[in-house]
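The structure appears below as structure tokens.
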Amino acid sequence: MGTGEKTDPKHPPRIAEHVAIIMDGNGRWATSRGWPRLVGHRRGAERVREIVRACPDLGIRWLTIYAFSTENWKRSTEEVLGLMAIFARYIEREADRLSVEGVRLRFIGDRSRLDPKLQKMMAGIEARTAGGTRLNLTVAINYGGRDEITRAMRAMARDVAEGRLAPEAVTEALIASRLDTGELPDPDLIIRTSGETRTSNFLPWQAAYAEYEFSQTLWPDFTGQELAAIVRRFGNRERRFGGVVNG
Ligand code: IPE
Ligand code: IPE
Ligand code: MG
């Protein structure tokens with residue numbers, strides 16, 4: 001296995017069925033080479049292809065990646081526009097490949113602030129890949145966990161005010177179903193690259209019981225092999241969900 005970890009036969013390795021990744025470090029990857037930040041973002045987008053391809057063999061059924069946060073609008077206009085262009089190009093270029101490979105693509109986040117042309121492309125590729133069953137790929141764009149919860153609460157408050165929803169009917173399951181991730185299972189494992197150990201508003205509700213892994217690798221250098229090693233480590237961790245585990 002290479003990691004020196006042994007598998008206990010009483011606790012067979014678990015599979016991380018839903019892996020979520022905070023793809024961080026593109027800017028530092030580029031500036032450390034004296035290149036513009038956008039070069040790093042371009043390399044980062046290329047990495048996504050390799051990682052998506054590595055998932056099915058690792059038993060990963062759901063992959064959710066953080067591409068642009070609600071806070072990332074604070075960056076320069078040049079960087080924001082550049083990121084949006086890279087994103088549009090990714091959709092254009094990958095549409096055929098994803099549908100052939102059986103990948104179903106979804107987006108989470110507030111789309112209303114995105115360019116209407118981009119919104120149309122997003123809806124188009126979601127419809128086009130809706131039959132994919134090999135991997136569920138979800139891209140978080142203009143996503144912020146607090147923003148997501150706020151939008152869901154506002155919609156539910158409207159339903160209560162207009163008599164469509166009784167306050168007693170508000171349960172954890174109902175809230176979960178009203179989030180952008182309503183169709184997704186909770187993530188088992190969240191990986192952040194680039195050495196930062198914060199979650200930056202990514203899936204705060206959904207990650208209540210997720211395991212975290214922080215990698216020093218900058219996203220443009222992250223490989224399928226490193227993902228495999230992280231997933232293997234996850235398989236040997238013991239998750240308790242608040243209970244106790246009897247040998
Ligand atoms: C992650 O890389 C990509 C986005 C947030 C869009 P960064 O651009 O945050 O890279 P660093 O953290 O500045 O190195
Ligand atoms: C988080 O990275 C958002 C994405 C990876 C899209 P940031 O680089 O924006 O987060 P902070 O600023 O370090 O918290
Ligand atoms: Mg960053």
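Letters A, B, ... mark the chains of the structure tokens in the order given; residue numbers begin at 1 per chain; ligand numbers begin at 1, in order shown.
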Set out as a Markdown table a contact list for chain A and ligand 1 with a cut-off of 8 Å, giving each residue of chain A that qualifies its closest atom pair and distance in Å to one decimal, counting only C-alpha atoms and all ligand atoms, ordered by chain and rising residue number.
```
| residue | atom | partner | partner_atom_place_in_ligand_line | distance |
| --- | --- | --- | --- | --- |
| A:Ile22 | CA | ligand 1 | 1 (C) | 7.7 |
| A:Met23 | CA | ligand 1 | 1 (C) | 5.4 |
| A:Asp24 | CA | ligand 1 | 1 (C) | 3.7 |
| A:Gly25 | CA | ligand 1 | 14 (O) | 3.3 |
| A:Asn26 | CA | ligand 1 | 2 (O) | 4.0 |
| A:Gly27 | CA | ligand 1 | 14 (O) | 3.7 |
| A:Arg28 | CA | ligand 1 | 14 (O) | 3.6 |
| A:Trp29 | CA | ligand 1 | 14 (O) | 6.2 |
| A:Ala30 | CA | ligand 1 | 14 (O) | 7.9 |
| A:Arg37 | CA | ligand 1 | 8 (O) | 7.0 |
| A:Gly40 | CA | ligand 1 | 8 (O) | 7.7 |
| A:His41 | CA | ligand 1 | 3 (C) | 6.5 |
| A:Gly44 | CA | ligand 1 | 3 (C) | 7.7 |
| A:Tyr66 | CA | ligand 1 | 4 (C) | 7.8 |
| A:Ala67 | CA | ligand 1 | 6 (C) | 5.5 |
| A:Phe68 | CA | ligand 1 | 6 (C) | 4.8 |
| A:Ser69 | CA | ligand 1 | 5 (C) | 6.9 |
| A:Asn72 | CA | ligand 1 | 5 (C) | 6.5 |
| A:Leu83 | CA | ligand 1 | 6 (C) | 6.8 |
| A:Ser194 | CA | ligand 1 | 12 (O) | 7.1 |
| A:Leu218 | CA | ligand 1 | 14 (O) | 7.4 |
| A:Trp219 | CA | ligand 1 | 2 (O) | 7.3 |
```
Counting only C-alpha atoms, what is within 10 Å of Leu98 of chain A, bar same-chain residues fewer than 4 positions away, as a list in words? Arg49, Val52, Arg53, Ile91, Arg93, Glu94, Gly102, Val103, Arg104, Leu105, Ile125, Arg128, Thr129, Gly132, Leu135 and Leu137 of chain A
List every residue of segment 34-247 of chain A that DSSP, applied to the backbone of this structure, assigns to strand (DSSP E), and report them as number ranges by chain. A: 62-69, 103-108, 135-143, 189-192, 211-214
Go through A:Phe241, A:Trp62, A:Tyr90, A:Tyr143 and flag the residue nearest ligand 2, using only C-alpha atoms and all ligand atoms for the distances.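 Closest residue, counting only C-alpha atoms and all ligand atoms: A:Tyr143.
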Nearest to ligand 3 among A:Asp221, A:Asp180, A:Asp115, A:Glu196, with distances taken over only C-alpha atoms and all ligand atoms: which residue is it?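 Nearest candidate to ligand 3 out of A:Asp221, A:Asp180, A:Asp115, A:Glu196: A:Glu196.
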Return the single residue from A:Asn142, A:Ser200, A:Gln225, A:Ser215 that is closest to ligand 3, with distances computed using only C-alpha atoms and all ligand atoms.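 Closest residue, counting only C-alpha atoms and all ligand atoms: A:Ser200.
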Of the listed residues A:Arg151, A:Leu38, A:Arg192, A:Leu58, that which approaches Ala229 of chain A most closely, counting only C-alpha atoms: A:Leu58
Pull the helix (DSSP H, G or I) assignments for segment 114-219 of chain A out of DSSP run on the backbone, and list those residues as a ChimeraX atom specification. /A:116-128,145-161,167-169,172-178,219
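Excluding Glu17 of chain A and any residue on its chain fewer than 2 positions from it, the residues at most 7 Å away by only C-alpha atoms are A:Ile15, A:Val19, A:Gly59, A:Ile60, A:Arg61, A:Trp62, A:Asp188.
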Print the selection's residues with C-alpha atoms to a file, as a compact mmCIF listing (two decimals), in the first residue's frame.
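What ended up in result31.txt:
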```txt
# COMPACT_ATOMS: atom_id res chain seq x y z
CA ILE A 15 -15.11 3.87 0.48
CA VAL A 19 -15.35 13.43 -2.21
CA GLY A 59 -14.96 3.91 -5.95
CA ILE A 60 -15.87 7.59 -5.89
CA ARG A 61 -19.42 8.08 -7.18
CA TRP A 62 -19.77 11.77 -6.37
CA ASP A 188 -17.62 11.75 3.20
```
To one decimal place in Å, what is the distance between atom CA of Ile141 of chain A and atom CA of Arg43 of chain A?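 Interatomic distance here is 17.8 Å.
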What does the distance between atom CA of Trp205 of chain A and atom CA of Pro187 of chain A come to in Å, to one decimal place?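 Separating atom CA of Trp205 of chain A from atom CA of Pro187 of chain A is a distance of 10.3 Å.
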For Arg14 of chain A, please output as a PyMOL selection string all residues within 10 Å (counting only C-alpha atoms; exclusion window: fewer than 4 positions along the same chain). chain A and resi 59+188+231-239
For Gly145 of chain A, which residue among A:Val100, A:Ala88, A:Ala207, A:Ile21 is the nearest when counting only C-alpha atoms? A:Ala207
In terms of only C-alpha atoms and all ligand atoms, the residue from A:Lys117, A:Arg106, A:Arg198, A:Arg97 at minimal distance from ligand 2 is A:Arg198
Contacts of Ala176 of chain A at 9 Å or less, counting only C-alpha atoms, minus same-chain residues fewer than 5 places along, as a list in words?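 Result of the neighbour search: Thr171, Thr181, Gly182, Trp205 and Gln206 of chain A.
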Skipping near chain neighbours, those fewer than 6 positions away, what residues fall within 7 Å of segment 152-161 of chain A using only C-alpha atoms, listed as a ChimeraX atom specification? /A:167,178-179
